>>> print(open('input.txt').read())   # compact mmCIF, C-alpha atoms
# COMPACT_ATOMS: atom_id res chain seq x y z
CA MET Y 1 55.35 18.72 59.48
CA GLU Y 2 56.61 20.73 56.48
CA ALA Y 3 57.75 17.58 54.71
CA ASN Y 4 54.31 16.05 55.03
CA PHE Y 5 52.70 18.86 53.00
CA GLY Y 6 55.03 19.03 50.02
CA ILE Y 7 53.82 19.00 46.44
CA MET Y 8 54.52 15.29 45.98
CA HIS Y 9 52.53 14.57 49.12
CA PHE Y 10 49.46 16.30 47.69
CA ILE Y 11 49.87 14.59 44.31
CA SER Y 12 50.21 11.18 45.91
CA HIS Y 13 47.01 11.75 47.87
CA CYS Y 14 44.94 12.87 44.86
CA ASP Y 15 41.96 10.74 44.04
CA ALA Y 16 41.37 9.25 40.58
CA MET Y 17 39.72 12.42 39.27
CA GLY Y 18 42.59 14.63 40.44
CA LYS Y 19 45.22 12.34 38.96
CA GLY Y 20 43.27 12.24 35.69
CA VAL Y 21 43.25 16.04 35.52
CA LEU Y 22 46.98 16.16 36.21
CA ALA Y 23 47.64 13.53 33.55
CA LEU Y 24 45.63 15.50 30.98
CA LEU Y 25 47.51 18.70 31.79
CA LEU Y 26 50.79 16.82 31.55
CA LEU Y 27 49.89 15.49 28.10
CA LEU Y 28 48.95 18.98 26.92
CA SER Y 29 52.23 20.34 28.26
CA ILE Y 30 54.30 17.64 26.54
CA ALA Y 31 52.49 18.18 23.24
CA SER Y 32 52.91 21.95 23.48
CA TRP Y 33 56.61 21.87 24.28
CA TYR Y 34 57.27 19.28 21.58
CA LEU Y 35 55.58 21.52 19.00
CA ILE Y 36 57.36 24.61 20.33
CA PHE Y 37 60.82 23.10 19.95
CA SER Y 38 60.15 21.22 16.69
CA LYS Y 39 58.52 24.18 14.97
CA ALA Y 40 61.18 26.61 16.21
CA ILE Y 41 63.96 24.40 14.82
CA ALA Y 42 62.06 23.88 11.54
CA ASN Y 43 61.44 27.62 11.17
CA ILE Y 44 65.10 28.49 11.76
CA ALA Y 45 66.19 25.88 9.20
CA ALA Y 46 63.59 27.06 6.67
CA ARG Y 47 64.69 30.70 7.10
CA SER Y 48 68.33 29.75 6.56
CA ARG Y 49 67.59 27.71 3.41
CA ALA Y 50 65.30 30.42 2.04
CA ASP Y 51 67.89 33.17 2.57
CA ALA Y 52 70.56 31.11 0.82
CA PHE Y 53 68.26 30.36 -2.11
CA LEU Y 54 67.03 33.97 -2.49
CA LYS Y 55 70.60 35.27 -2.44
CA GLN Y 56 71.60 32.87 -5.21
CA PHE Y 57 68.40 33.46 -7.15
CA ARG Y 58 68.64 37.26 -7.10
CA GLN Y 59 72.23 37.25 -8.26
CA ALA Y 60 71.06 35.94 -11.64
CA ALA Y 61 71.00 38.62 -14.35
CA SER Y 62 68.50 37.00 -16.71
CA LEU Y 63 65.63 34.53 -16.78
CA PRO Y 64 67.79 31.66 -18.12
CA GLU Y 65 70.32 32.31 -15.36
CA MET Y 66 67.52 32.18 -12.82
CA GLN Y 67 66.36 28.86 -14.23
CA GLN Y 68 69.94 27.59 -14.03
CA ALA Y 69 70.20 28.81 -10.46
CA LEU Y 70 67.05 26.88 -9.69
CA LYS Y 71 68.67 23.68 -10.94
CA THR Y 72 71.75 24.10 -8.76
CA ALA Y 73 70.01 25.45 -5.65
CA ASN Y 74 69.17 23.32 -2.65
CA ASP Y 75 65.49 22.48 -2.39
CA GLY Y 76 63.49 22.13 0.80
CA ASN Y 77 62.15 25.65 1.15
CA ALA Y 78 58.92 27.33 0.10
CA PHE Y 79 60.60 29.89 -2.17
CA PHE Y 80 62.37 27.16 -4.14
CA ASP Y 81 59.14 25.21 -4.54
CA LEU Y 82 57.28 28.31 -5.73
CA ALA Y 83 59.97 29.17 -8.26
CA GLN Y 84 60.00 25.58 -9.46
CA ARG Y 85 56.23 25.69 -10.05
CA ALA Y 86 56.48 28.98 -11.94
CA PHE Y 87 59.30 27.89 -14.25
CA ALA Y 88 57.58 24.57 -14.86
CA VAL Y 89 54.63 26.56 -16.22
CA ASN Y 90 57.00 28.71 -18.26
CA SER Y 91 58.70 25.69 -19.82
CA GLY Y 92 55.36 24.09 -20.74
CA GLN Y 93 55.67 21.09 -18.41
CA GLN Y 94 51.97 20.33 -18.07
CA TYR Y 95 50.22 17.01 -18.27
CA GLY Y 96 46.60 15.96 -18.69
CA VAL Y 97 44.22 18.33 -16.96
CA GLU Y 98 47.04 20.85 -16.50
CA LYS Y 99 47.28 21.26 -20.28
CA LEU Y 100 43.57 21.98 -20.47
CA LEU Y 101 43.86 24.56 -17.71
CA ALA Y 102 46.88 26.17 -19.36
CA ALA Y 103 45.03 26.34 -22.67
CA GLY Y 104 42.52 28.71 -21.07
CA GLY Y 105 45.22 31.35 -20.56
CA MET Y 106 48.82 31.04 -19.41
CA SER Y 107 48.65 34.11 -17.16
CA GLU Y 108 45.58 32.85 -15.34
CA TYR Y 109 47.08 29.37 -15.05
CA LEU Y 110 50.33 30.78 -13.66
CA THR Y 111 48.38 32.83 -11.10
CA ARG Y 112 46.49 29.70 -10.04
CA VAL Y 113 49.70 27.68 -9.72
CA LEU Y 114 51.40 30.33 -7.60
CA ARG Y 115 48.34 30.74 -5.39
CA ASN Y 116 48.13 26.97 -4.87
CA GLY Y 117 51.79 26.96 -3.86
CA ILE Y 118 51.21 29.68 -1.28
CA ASP Y 119 48.12 27.89 0.06
CA THR Y 120 50.11 24.66 0.38
CA GLU Y 121 52.81 26.44 2.37
CA ALA Y 122 50.16 28.13 4.55
CA ALA Y 123 48.68 24.76 5.45
CA LYS Y 124 52.16 23.41 6.18
CA VAL Y 125 53.25 26.20 8.54
CA GLU Y 126 49.94 26.13 10.40
CA HIS Y 127 50.40 22.46 11.29
CA GLY Y 128 50.36 22.00 15.07
CA LEU Y 129 49.10 25.48 15.89
CA THR Y 130 45.65 24.09 16.69
CA VAL Y 131 47.13 21.92 19.44
CA MET Y 132 48.95 24.89 20.98
CA ALA Y 133 45.85 27.06 20.75
CA SER Y 134 43.77 24.32 22.35
CA ALA Y 135 46.31 23.87 25.15
CA GLY Y 136 46.47 27.60 25.77
CA SER Y 137 42.72 28.02 25.94
CA ALA Y 138 41.70 24.75 27.61
CA ALA Y 139 44.46 24.25 30.20
CA PRO Y 140 43.28 27.04 32.57
CA PHE Y 141 39.76 25.63 32.57
CA ILE Y 142 41.01 22.10 33.12
CA GLY Y 143 43.07 23.40 36.03
CA LEU Y 144 40.03 25.29 37.30
CA PHE Y 145 38.03 22.07 37.21
CA GLY Y 146 40.74 20.42 39.29
CA THR Y 147 40.60 23.36 41.68
CA VAL Y 148 36.84 23.04 42.10
CA TRP Y 149 37.20 19.32 42.61
CA GLY Y 150 39.84 19.87 45.31
CA ILE Y 151 37.67 22.40 47.12
CA TYR Y 152 34.77 19.97 46.92
CA ASN Y 153 36.92 17.29 48.55
CA ALA Y 154 37.95 19.77 51.26
CA LEU Y 155 34.34 20.58 52.04
CA LEU Y 156 33.51 16.88 52.02
CA GLN Y 157 36.27 16.20 54.55
CA ILE Y 158 34.94 18.98 56.77
CA GLY Y 159 31.40 17.61 56.53
CA LEU Y 160 32.46 14.06 57.37
CA SER Y 161 34.69 15.06 60.27
CA GLY Y 162 32.49 17.83 61.62
CA GLN Y 163 35.50 20.10 62.15
CA GLY Y 164 37.63 22.18 59.79
CA THR Y 165 41.06 21.31 61.19
CA LEU Y 166 44.18 21.75 59.08
CA ASP Y 167 44.86 18.04 58.70
CA LYS Y 168 41.40 17.57 57.15
CA VAL Y 169 41.48 20.38 54.62
CA ALA Y 170 45.20 20.89 53.88
CA GLY Y 171 45.40 18.01 51.41
CA PRO Y 172 42.36 18.88 49.26
CA VAL Y 173 43.09 22.63 49.35
CA GLY Y 174 46.73 22.01 48.44
CA GLU Y 175 45.55 19.81 45.57
CA ALA Y 176 43.26 22.60 44.39
CA LEU Y 177 46.06 25.18 44.39
CA ILE Y 178 48.38 22.80 42.53
CA MET Y 179 45.74 22.26 39.84
CA THR Y 180 45.45 26.01 39.31
CA ALA Y 181 49.23 26.46 39.10
CA VAL Y 182 49.69 23.55 36.70
CA GLY Y 183 46.90 24.79 34.44
CA LEU Y 184 48.53 28.22 34.19
CA ALA Y 185 51.98 26.69 33.69
CA VAL Y 186 50.67 24.74 30.70
CA ALA Y 187 48.64 27.58 29.21
CA ILE Y 188 51.07 30.51 29.39
CA PRO Y 189 53.93 29.03 27.28
CA ALA Y 190 51.43 27.63 24.77
CA VAL Y 191 49.73 31.01 24.30
CA LEU Y 192 53.01 32.91 23.99
CA ALA Y 193 54.41 30.39 21.51
CA TYR Y 194 51.18 30.37 19.49
CA ASN Y 195 51.23 34.16 19.14
CA ALA Y 196 54.90 34.11 18.15
CA PHE Y 197 54.36 31.42 15.50
CA VAL Y 198 51.28 33.16 14.09
CA ARG Y 199 53.25 36.39 13.71
CA ARG Y 200 56.14 34.54 12.07
CA ASN Y 201 53.80 32.74 9.68
CA ARG Y 202 52.10 36.00 8.72
CA ILE Y 203 55.45 37.59 7.85
CA TRP Y 204 56.66 34.44 6.08
CA LEU Y 205 53.56 34.18 3.89
CA ALA Y 206 53.70 37.89 3.09
CA GLU Y 207 57.29 37.45 1.88
CA LEU Y 208 56.22 34.43 -0.13
CA ASP Y 209 53.36 36.38 -1.67
CA ASN Y 210 55.74 39.18 -2.69
CA PHE Y 211 58.07 36.61 -4.21
CA ALA Y 212 55.14 35.13 -6.13
CA HIS Y 213 54.41 38.56 -7.62
CA ASP Y 214 58.06 38.84 -8.67
CA LEU Y 215 57.93 35.39 -10.24
CA TYR Y 216 54.77 36.26 -12.11
CA SER Y 217 56.37 39.39 -13.55
CA LEU Y 218 59.56 37.56 -14.47
CA VAL Y 219 57.79 34.69 -16.19
CA THR Y 220 55.24 36.79 -18.08
CA LEU Y 221 57.80 39.40 -19.17
CA GLY Y 222 60.14 36.61 -20.14
CA ASP Y 223 57.46 35.11 -22.39
CA LYS Y 224 56.85 38.49 -24.03
CA ASN Y 225 60.56 39.04 -24.62
CA VAL Y 226 60.89 35.61 -26.19
CA GLN Y 227 57.86 36.21 -28.45
CA SER Y 228 59.17 39.62 -29.62
CA ALA Y 229 62.62 38.15 -30.27
CA ASN Y 230 61.06 35.41 -32.41
CA LYS Y 231 59.08 37.96 -34.44
CA GLU Y 232 62.19 40.06 -35.13
CA SER Y 233 64.13 37.01 -36.27
>>> encode(input="input.txt", output="structure tokens")
Amino acid sequence: MEANFGIMHFISHCDAMGKGVLALLLLLSIASWYLIFSKAIANIAARSRADAFLKQFRQAASLPEMQQALKTANDGNAFFDLAQRAFAVNSGQQYGVEKLLAAGGMSEYLTRVLRNGIDTEAAKVEHGLTVMASAGSAAPFIGLFGTVWGIYNALLQIGLSGQGTLDKVAGPVGEALIMTAVGLAVAIPAVLAYNAFVRRNRIWLAELDNFAHDLYSLVTLGDKNVQSANKES
């Protein structure tokens, strides 16, 4: 008797609507866990590359040494890309419309370039978070819909048979409870992971913003030092 009312028994006896709800929850779960693992691995790798680059970059004693460190450093991290943008502005590597923008004021152009770099990184790190947020918020309601549908089937079985015996209601009620459990199982990891990634992204972008301020000071002070050295010569 116990074997006849296992989880697989209830799933196998679901109607088309119940199986559709389970399939949707399964897809949300697969998408969530794929994003959780892929983003976690990408974040760990990005942190490692960024730490290595910042250590090499901050060991430089002058602006030319920093530019040289940029040439020998490994790319593939947001801090490298931001430094590359800043030193490209400092070296005058602008083309077309960029020259027109730079002509309006190098400081303002540098600020715009750094801000664009931070915005690009923000869009990059937020990729996939919408799916996790959607899974976390929608999965309980999808499971609740499956629960309601299972209870409806249980009541329908009682109405057709005229008696509420266990063999008539156990299947639909078991299906309803499974839907609720699956919905929560999909939602809870997605919500926890979403909150963790949002916090990490907030800290990451704050560090990047601080680095952008340092780059701005280095580049603008470097320009002033070069100009004063040219006047003295």
>>> atom_distance(input="input.txt", atom1="CA of Ser48 in chain Y", atom2="CA of Arg85 in chain Y")
20.9 Å
>>> closest_residue(input="input.txt", among="Y:Arg47, Y:Thr111, Y:Val131, Y:Asp15", to="Ile203 in chain Y", atoms="only C-alpha atoms")
Y:Arg47
>>> closest_residue(input="input.txt", among="Y:Leu208, Y:Ala193, Y:Leu25, Y:Met17", to="Tyr152 in chain Y", atoms="only C-alpha atoms")
Y:Met17
>>> closest_residue(input="input.txt", among="Y:Met66, Y:Val113, Y:Val148, Y:Leu54", to="Ala86 in chain Y", atoms="all atoms listed in the file")
Y:Val113
>>> residues_near_point(input="input.txt", point="(58.3, 32.5, -12.9)", cutoff="12 Å", atoms="only C-alpha atoms", output="ChimeraX atom specification")
/Y:57,62-64,66-67,70,79-92,106-107,109-111,113-114,211-223
>>> residues_around(input="input.txt", residues="Asn195 in chain Y", least_positions_apart="4", cutoff="12 Å", atoms="only C-alpha atoms", output="ChimeraX atom specification")
/Y:36,126,129-130,132-133,136,188-191,199-202
>>> atom_distance(input="input.txt", atom1="CA of Leu22 in chain Y", atom2="CA of Leu184 in chain Y")
12.3 Å
>>> residues_near_point(input="input.txt", point="(56.8, 23.1, 19.1)", cutoff="10 Å", atoms="all atoms listed in the file", output="list in words")
Ile30, Ala31, Ser32, Trp33, Tyr34, Leu35, Ile36, Phe37, Ser38, Lys39, Ala40, Ile41, Ala42, Gly128, Leu129, Val131, Met132, Ala190, Ala193, Tyr194 and Phe197 of chain Y
>>> atom_distance(input="input.txt", atom1="CA of Ala135 in chain Y", atom2="CA of Ala196 in chain Y")
15.1 Å
>>> closest_residue(input="input.txt", among="Y:Ala139, Y:Leu205, Y:Leu160, Y:Ala154", to="Ile118 in chain Y", atoms="all atoms listed in the file")
Y:Leu205
>>> closest_residue(input="input.txt", among="Y:Arg58, Y:Asn153, Y:His127, Y:Met179", to="Val198 in chain Y", atoms="only C-alpha atoms")
Y:His127
